[in-house]
file protein-v5.cif (mmCIF, C-alpha atoms and all ligand atoms)
data_structure
#
loop_
_atom_site.group_PDB
_atom_site.id
_atom_site.type_symbol
_atom_site.label_atom_id
_atom_site.label_comp_id
_atom_site.auth_asym_id
_atom_site.auth_seq_id
_atom_site.Cartn_x
_atom_site.Cartn_y
_atom_site.Cartn_z
ATOM 1 C CA MET A 1 25.604 21.611 -23.543
ATOM 2 C CA PHE A 2 21.990 20.690 -24.304
ATOM 3 C CA ARG A 3 20.030 19.623 -21.181
ATOM 4 C CA PHE A 4 17.156 17.164 -21.128
ATOM 5 C CA GLU A 5 15.267 16.238 -17.957
ATOM 6 C CA GLN A 6 13.867 12.726 -17.573
ATOM 7 C CA PRO A 7 11.860 11.773 -14.464
ATOM 8 C CA ILE A 8 12.115 8.054 -13.714
ATOM 9 C CA LEU A 9 8.607 6.617 -13.962
ATOM 10 C CA PHE A 10 7.093 3.257 -12.974
ATOM 11 C CA LYS A 11 7.153 2.148 -16.652
ATOM 12 C CA HIS A 12 10.959 2.498 -16.753
ATOM 13 C CA CYS A 13 11.620 0.130 -13.829
ATOM 14 C CA ASP A 14 12.052 -3.633 -13.522
ATOM 15 C CA PRO A 15 10.738 -5.738 -10.601
ATOM 16 C CA ALA A 16 13.942 -4.920 -8.701
ATOM 17 C CA GLY A 17 12.867 -1.242 -8.814
ATOM 18 C CA ILE A 18 15.719 -0.004 -11.012
ATOM 19 C CA VAL A 19 15.703 1.216 -14.598
ATOM 20 C CA PHE A 20 15.799 -1.634 -17.133
ATOM 21 C CA TYR A 21 18.569 -0.798 -19.635
ATOM 22 C CA PRO A 22 16.474 -0.774 -22.865
ATOM 23 C CA ARG A 23 14.502 2.101 -21.297
ATOM 24 C CA TYR A 24 17.808 4.046 -21.006
ATOM 25 C CA PHE A 25 18.311 3.668 -24.774
ATOM 26 C CA GLU A 26 14.822 5.130 -25.325
ATOM 27 C CA MET A 27 15.733 8.047 -23.026
ATOM 28 C CA MET A 28 18.935 8.630 -25.030
ATOM 29 C CA ASN A 29 16.892 8.742 -28.229
ATOM 30 C CA ASP A 30 14.330 11.098 -26.632
ATOM 31 C CA CYS A 31 17.237 13.367 -25.671
ATOM 32 C CA VAL A 32 18.651 13.284 -29.228
ATOM 33 C CA GLU A 33 15.145 13.935 -30.632
ATOM 34 C CA ALA A 34 14.696 16.965 -28.321
ATOM 35 C CA PHE A 35 18.186 18.176 -29.318
ATOM 36 C CA PHE A 36 17.296 18.045 -33.024
ATOM 37 C CA ASP A 37 13.988 19.795 -32.318
ATOM 38 C CA LYS A 38 15.147 22.583 -29.982
ATOM 39 C CA GLY A 39 18.935 22.760 -30.405
ATOM 40 C CA VAL A 40 19.358 22.077 -34.125
ATOM 41 C CA GLU A 41 15.871 23.233 -35.206
ATOM 42 C CA TRP A 42 15.595 20.298 -37.641
ATOM 43 C CA PRO A 43 12.881 18.163 -36.010
ATOM 44 C CA PHE A 44 12.569 14.453 -36.737
ATOM 45 C CA LYS A 45 9.226 15.042 -38.507
ATOM 46 C CA ASP A 46 11.096 17.145 -41.102
ATOM 47 C CA ILE A 47 14.182 14.895 -41.275
ATOM 48 C CA HIS A 48 11.988 11.943 -42.171
ATOM 49 C CA LYS A 49 10.521 13.751 -45.182
ATOM 50 C CA VAL A 50 13.961 13.659 -46.849
ATOM 51 C CA GLY A 51 15.829 10.769 -45.191
ATOM 52 C CA ALA A 52 16.849 9.656 -41.710
ATOM 53 C CA VAL A 53 19.646 9.908 -39.165
ATOM 54 C CA PRO A 54 20.362 6.331 -38.032
ATOM 55 C CA THR A 55 22.772 5.502 -35.252
ATOM 56 C CA ALA A 56 25.883 3.770 -36.652
ATOM 57 C CA GLU A 57 27.563 3.063 -33.335
ATOM 58 C CA ILE A 58 26.790 3.438 -29.632
ATOM 59 C CA ARG A 59 28.859 2.724 -26.540
ATOM 60 C CA THR A 60 27.412 3.031 -23.045
ATOM 61 C CA ARG A 61 28.675 2.680 -19.456
ATOM 62 C CA PHE A 62 26.052 2.098 -16.797
ATOM 63 C CA ILE A 63 27.672 3.538 -13.692
ATOM 64 C CA ALA A 64 25.001 3.569 -10.965
ATOM 65 C CA PRO A 65 21.358 2.413 -10.890
ATOM 66 C CA SER A 66 18.402 4.797 -11.141
ATOM 67 C CA LYS A 67 15.196 4.322 -9.156
ATOM 68 C CA LEU A 68 11.531 5.298 -9.382
ATOM 69 C CA GLY A 69 11.129 9.005 -8.544
ATOM 70 C CA ASP A 70 14.676 10.014 -9.515
ATOM 71 C CA LEU A 71 15.080 12.994 -11.822
ATOM 72 C CA LEU A 72 17.767 12.332 -14.414
ATOM 73 C CA VAL A 73 19.382 15.249 -16.179
ATOM 74 C CA LEU A 74 20.912 14.240 -19.508
ATOM 75 C CA GLY A 75 23.623 16.581 -20.783
ATOM 76 C CA LEU A 76 24.325 16.276 -24.526
ATOM 77 C CA ASN A 77 27.467 17.552 -26.251
ATOM 78 C CA VAL A 78 28.411 17.329 -29.914
ATOM 79 C CA THR A 79 31.945 15.902 -29.920
ATOM 80 C CA LYS A 80 32.658 15.548 -33.639
ATOM 81 C CA VAL A 81 31.145 16.954 -36.804
ATOM 82 C CA GLY A 82 32.044 14.940 -39.889
ATOM 83 C CA ARG A 83 30.992 15.149 -43.535
ATOM 84 C CA THR A 84 27.935 12.913 -43.051
ATOM 85 C CA SER A 85 28.359 11.808 -39.429
ATOM 86 C CA CYS A 86 28.105 13.468 -36.046
ATOM 87 C CA GLY A 87 29.553 12.314 -32.712
ATOM 88 C CA ILE A 88 27.443 12.893 -29.616
ATOM 89 C CA ALA A 89 28.227 12.308 -25.929
ATOM 90 C CA ILE A 90 25.509 12.120 -23.286
ATOM 91 C CA SER A 91 26.081 12.046 -19.536
ATOM 92 C CA ALA A 92 23.092 11.386 -17.243
ATOM 93 C CA GLN A 93 23.194 12.524 -13.633
ATOM 94 C CA CYS A 94 20.873 12.567 -10.627
ATOM 95 C CA ASP A 95 21.737 14.908 -7.764
ATOM 96 C CA GLY A 96 25.300 15.132 -9.079
ATOM 97 C CA GLU A 97 25.795 11.346 -9.298
ATOM 98 C CA VAL A 98 26.573 10.040 -12.788
ATOM 99 C CA ARG A 99 24.219 7.191 -13.733
ATOM 100 C CA PHE A 100 25.305 6.486 -17.317
ATOM 101 C CA GLN A 101 27.551 7.871 -20.026
ATOM 102 C CA THR A 102 27.138 7.166 -23.711
ATOM 103 C CA GLU A 103 28.893 8.019 -26.948
ATOM 104 C CA LEU A 104 27.108 7.614 -30.242
ATOM 105 C CA THR A 105 27.654 8.325 -33.910
ATOM 106 C CA ILE A 106 24.712 9.249 -36.109
ATOM 107 C CA VAL A 107 24.847 9.441 -39.896
ATOM 108 C CA ASN A 108 22.728 11.576 -42.200
ATOM 109 C CA VAL A 109 21.223 9.416 -44.959
ATOM 110 C CA ASP A 110 18.927 10.105 -47.901
ATOM 111 C CA ASN A 111 15.691 8.254 -48.640
ATOM 112 C CA SER A 112 17.631 5.323 -50.106
ATOM 113 C CA GLY A 113 19.797 4.991 -46.971
ATOM 114 C CA LYS A 114 22.931 6.425 -48.615
ATOM 115 C CA PRO A 115 25.084 8.745 -46.432
ATOM 116 C CA GLU A 116 24.934 12.361 -47.554
ATOM 117 C CA PRO A 117 26.524 15.572 -46.272
ATOM 118 C CA TRP A 118 24.757 17.470 -43.515
ATOM 119 C CA PRO A 119 22.834 20.511 -44.758
ATOM 120 C CA GLU A 120 25.112 23.520 -44.177
ATOM 121 C CA GLN A 121 22.821 25.162 -41.600
ATOM 122 C CA VAL A 122 22.541 21.898 -39.641
ATOM 123 C CA LYS A 123 26.334 21.574 -39.598
ATOM 124 C CA GLN A 124 26.567 25.152 -38.316
ATOM 125 C CA ARG A 125 24.032 24.425 -35.548
ATOM 126 C CA PHE A 126 26.116 21.400 -34.492
ATOM 127 C CA LEU A 127 29.217 23.585 -34.339
ATOM 128 C CA ASP A 128 27.324 26.255 -32.364
ATOM 129 C CA GLN A 129 26.297 23.581 -29.809
ATOM 130 C CA SER A 130 29.586 21.756 -29.919
ATOM 131 C CA ALA A 131 32.149 21.265 -27.202
ATOM 132 C CA LEU A 132 34.592 21.772 -30.101
ATOM 133 C CA ALA A 133 33.229 25.193 -31.101
HETATM 134 C C1 LIG A 201 25.074 4.233 -40.834
HETATM 135 C C2 LIG A 201 25.228 3.740 -42.276
HETATM 136 C C3 LIG A 201 24.258 4.478 -43.199
HETATM 137 C C4 LIG A 201 26.649 4.045 -42.729
HETATM 138 O O1 LIG A 201 26.769 3.555 -44.024
HETATM 139 P P1 LIG A 201 28.198 3.192 -44.627
HETATM 140 O O2 LIG A 201 28.925 2.343 -43.662
HETATM 141 O O3 LIG A 201 28.011 2.731 -46.027
HETATM 142 O O4 LIG A 201 28.791 4.639 -44.692
HETATM 143 P P2 LIG A 201 30.283 5.149 -44.900
HETATM 144 O O5 LIG A 201 31.314 4.127 -44.698
HETATM 145 O O6 LIG A 201 30.271 5.950 -46.173
HETATM 146 O O7 LIG A 201 30.382 6.190 -43.674
HETATM 147 C C5 LIG A 201 29.563 7.314 -43.614
HETATM 148 C C6 LIG A 201 29.920 8.084 -42.376
HETATM 149 O O8 LIG A 201 29.570 7.317 -41.217
HETATM 150 C C7 LIG A 201 30.725 7.102 -40.397
HETATM 151 N N1 LIG A 201 30.582 5.765 -39.819
HETATM 152 C C8 LIG A 201 30.154 4.664 -40.446
HETATM 153 N N2 LIG A 201 30.130 3.624 -39.596
HETATM 154 C C9 LIG A 201 30.564 4.088 -38.402
HETATM 155 C C10 LIG A 201 30.756 3.496 -37.108
HETATM 156 N N3 LIG A 201 30.501 2.203 -36.896
HETATM 157 N N4 LIG A 201 31.197 4.288 -36.114
HETATM 158 C C11 LIG A 201 31.456 5.585 -36.318
HETATM 159 N N5 LIG A 201 31.270 6.214 -37.514
HETATM 160 C C12 LIG A 201 30.844 5.457 -38.521
HETATM 161 C C13 LIG A 201 31.921 7.232 -41.332
HETATM 162 O O9 LIG A 201 33.089 7.582 -40.606
HETATM 163 C C14 LIG A 201 31.429 8.373 -42.242
HETATM 164 O O10 LIG A 201 31.560 9.604 -41.558
HETATM 165 P P3 LIG A 201 31.913 10.995 -42.321
HETATM 166 O O11 LIG A 201 31.516 12.073 -41.347
HETATM 167 O O12 LIG A 201 33.390 10.996 -42.595
HETATM 168 O O13 LIG A 201 31.093 11.089 -43.582
HETATM 169 C C15 LIG A 201 24.996 2.202 -42.382
HETATM 170 O O14 LIG A 201 26.034 1.554 -41.705
HETATM 171 C C16 LIG A 201 23.660 1.788 -41.809
HETATM 172 O O15 LIG A 201 22.608 2.047 -42.407
HETATM 173 N N6 LIG A 201 23.683 1.123 -40.639
HETATM 174 C C17 LIG A 201 22.483 0.659 -39.965
HETATM 175 C C18 LIG A 201 21.944 1.766 -39.069
HETATM 176 C C19 LIG A 201 20.877 1.254 -38.135
HETATM 177 O O16 LIG A 201 20.096 0.414 -38.508
HETATM 178 N N7 LIG A 201 20.871 1.778 -36.888
HETATM 179 C C20 LIG A 201 20.005 1.337 -35.817
HETATM 180 C C21 LIG A 201 18.537 1.664 -36.009
HETATM 181 S S1 LIG A 201 18.142 3.245 -36.716
HETATM 182 C C22 LIG A 201 18.108 4.371 -35.450
HETATM 183 O O17 LIG A 201 18.439 4.028 -34.371
HETATM 184 C C23 LIG A 201 17.652 5.758 -35.771
HETATM 185 C C24 LIG A 201 16.789 5.985 -36.803
HETATM 186 C C25 LIG A 201 16.413 7.263 -37.139
HETATM 187 O O18 LIG A 201 15.562 7.474 -38.154
HETATM 188 C C26 LIG A 201 16.883 8.374 -36.429
HETATM 189 C C27 LIG A 201 16.514 9.687 -36.774
HETATM 190 C C28 LIG A 201 17.043 10.747 -36.074
HETATM 191 C C29 LIG A 201 17.930 10.532 -35.017
HETATM 192 C C30 LIG A 201 18.283 9.247 -34.637
HETATM 193 C C31 LIG A 201 17.765 8.145 -35.349
HETATM 194 C C32 LIG A 201 18.136 6.828 -35.010
HETATM 195 O O19 LIG A 201 18.975 6.596 -33.974
#

call {"tool": "encode", "arguments": {"input": "protein-v5.cif", "output": "C-alpha cells"}}
result
Amino acid sequence: MFRFEQPILFKHCDPAGIVFYPRYFEMMNDCVEAFFDKGVEWPFKDIHKVGAVPTAEIRTRFIAPSKLGDLLVLGLNVTKVGRTSCGIAISAQCDGEVRFQTELTIVNVDNSGKPEPWPEQVKQRFLDQSALA
C-alpha cells in the first residue's frame, strides 16, 4: 500500500468547518500524483511529455466528515492492471476512522488522446505495488 498524508487545512473547509467535497477530489489526485512520482517513478512532468493519464471513471463514498486540524492518511492500492487502464482504490482514515473510500480507473493515452499500452516497466511497478501481486 502507498501512504499519503494530508493535513486538513483552512482552505479545505466550508463555513460549516468540514471538508468541501471538491477538495477531497484534489487530495485524491495529489495522492495519485505522489504515487506516480515515488511509487511508480514516472512523475507527471514526464508523463505529460508523451501523453496523459486521464481518469475514466471514479466512484466515491463519503463516510464521515473531516475537520480543520485532522490528519488524513490516504492508503492507495492498485486493484487491477489492464492493457491501457489501471484500477486504483484509495481509503482515507483519521485516527483509524474511515472518512472516504474511492475507486478510480485511469487510462494511459498518447498525445492525441488515444489509449495505449502501459510501458512495460510502469506495468511492472504497478504489479509490484499491487494488492494483486
Ligand atoms: C479514458 C478514455 C481515453 C478512454 O477512451 P476509450 O473509451 O476510447 O477507450 P477504450 O474503450 O479503448 O478503453 C481503453 C481502456 O480504458 C478502459 N475504460 C474505458 N472507459 C472506462 C470506464 N468508464 N471505466 C473503467 N474502465 C474504462 C477500458 O476497459 C480499456 O482498458 P484496458 O486495460 O482493457 O485497455 C476516454 O474515455 C477519455 O478521454 N475520457 C475523458 C477523460 C477525462 O476527461 N477525464 C477527466 C479529466 S482528466 C484527469 O482527471 C486527469 C488528467 C491527467 O493528465 C492525469 C495525469 C496523471 C494522472 C491522473 C490524471 C487525471 O486524473

call {"tool": "residues_near_point", "arguments": {"input": "protein-v5.cif", "point": "(20.1, 13.9, -24.3)", "cutoff": "8 Å", "atoms": "only C-alpha atoms", "output": "ChimeraX atom specification"}}
result
/A:2-4,27-32,34-35,74-76,90-91

call {"tool": "residues_near_ligand", "arguments": {"input": "protein-v5.cif", "ligand": "ligand LIG 201 (chain A)", "cutoff": "6 Å", "atoms": "only C-alpha atoms and all ligand atoms", "output": "PyMOL selection string"}}
result
chain A and resi 44+52-57+82-85+105+107+113-115

call {"tool": "resolve_selection", "arguments": {"input": "protein-v5.cif", "expression": "the PyMOL selection byres (((chain A and resi 61) around 8) and not hetatm)", "output": "PyMOL selection string"}}
result
chain A and resi 59-60+62-63+100-102

call {"tool": "resolve_selection", "arguments": {"input": "protein-v5.cif", "expression": "the PyMOL selection byres (((chain A and resi 87) around 7) and not hetatm)", "output": "list of chain:residue names"}}
result
A:Val78, A:Thr79, A:Lys80, A:Val81, A:Ser85, A:Cys86, A:Ile88, A:Ala89, A:Leu104, A:Thr105, A:Ile106

call {"tool": "write_last_selection", "arguments": {"input": "protein-v5.cif", "atoms": "C-alpha atoms", "output": "JSON list (two decimals), in the coordinates of the input"}}
result
[["chain", "number", "residue", "atom", "x", "y", "z"],
["A", 78, "VAL", "CA", 28.41, 17.33, -29.91],
["A", 79, "THR", "CA", 31.94, 15.90, -29.92],
["A", 80, "LYS", "CA", 32.66, 15.55, -33.64],
["A", 81, "VAL", "CA", 31.14, 16.95, -36.80],
["A", 85, "SER", "CA", 28.36, 11.81, -39.43],
["A", 86, "CYS", "CA", 28.10, 13.47, -36.05],
["A", 88, "ILE", "CA", 27.44, 12.89, -29.62],
["A", 89, "ALA", "CA", 28.23, 12.31, -25.93],
["A", 104, "LEU", "CA", 27.11, 7.61, -30.24],
["A", 105, "THR", "CA", 27.65, 8.32, -33.91],
["A", 106, "ILE", "CA", 24.71, 9.25, -36.11]]

call {"tool": "closest_residue", "arguments": {"input": "protein-v5.cif", "among": "A:Gly51, A:Pro43, A:Pro65, A:Gly96", "to": "Val109 (chain A)", "atoms": "all atoms listed in the file"}}
result
A:Gly51

call {"tool": "closest_residue", "arguments": {"input": "protein-v5.cif", "among": "A:Leu9, A:Ala64, A:Leu127, A:Ile58", "to": "Arg99 (chain A)", "atoms": "only C-alpha atoms"}}
result
A:Ala64

call {"tool": "atom_distance", "arguments": {"input": "protein-v5.cif", "atom1": "CA of His12 (chain A)", "atom2": "CA of Gln129 (chain A)"}}
result
29.2 Å

call {"tool": "axis_aligned_box", "arguments": {"input": "protein-v5.cif", "around": "region 71-85 of chain A", "padding_each_side": "3 Å", "output": "AutoDock Vina command-line options"}}
result
--center_x 23.9 --center_y 14.7 --center_z -27.7 --size_x 23.6 --size_y 11.7 --size_z 37.7

call {"tool": "atom_distance", "arguments": {"input": "protein-v5.cif", "atom1": "CA of Asp128 (chain A)", "atom2": "CA of Lys49 (chain A)"}}
result
24.6 Å

call {"tool": "atom_distance", "arguments": {"input": "protein-v5.cif", "atom1": "CA of Val73 (chain A)", "atom2": "CA of Cys94 (chain A)"}}
result
6.3 Å

call {"tool": "residues_around", "arguments": {"input": "protein-v5.cif", "residues": "Ala16 (chain A)", "least_positions_apart": "6", "cutoff": "12 Å", "atoms": "all atoms listed in the file", "output": "list of chain:residue names"}}
result
A:Phe10, A:Pro65, A:Ser66, A:Lys67, A:Leu68

call {"tool": "closest_residue", "arguments": {"input": "protein-v5.cif", "among": "A:Asp14, A:Val40, A:Ile8, A:Glu97", "to": "Val122 (chain A)", "atoms": "only C-alpha atoms"}}
result
A:Val40

call {"tool": "closest_residue", "arguments": {"input": "protein-v5.cif", "among": "A:Ser112, A:Ser130, A:Gln124, A:Gln93", "to": "Glu5 (chain A)", "atoms": "all atoms listed in the file"}}
result
A:Gln93

call {"tool": "closest_residue", "arguments": {"input": "protein-v5.cif", "among": "A:Trp118, A:Phe36, A:Phe126, A:Tyr24", "to": "Pro7 (chain A)", "atoms": "all atoms listed in the file"}}
result
A:Tyr24

call {"tool": "closest_residue", "arguments": {"input": "protein-v5.cif", "among": "A:Ile47, A:Met1, A:Glu26, A:Gly39", "to": "Pro119 (chain A)", "atoms": "all atoms listed in the file"}}
result
A:Ile47
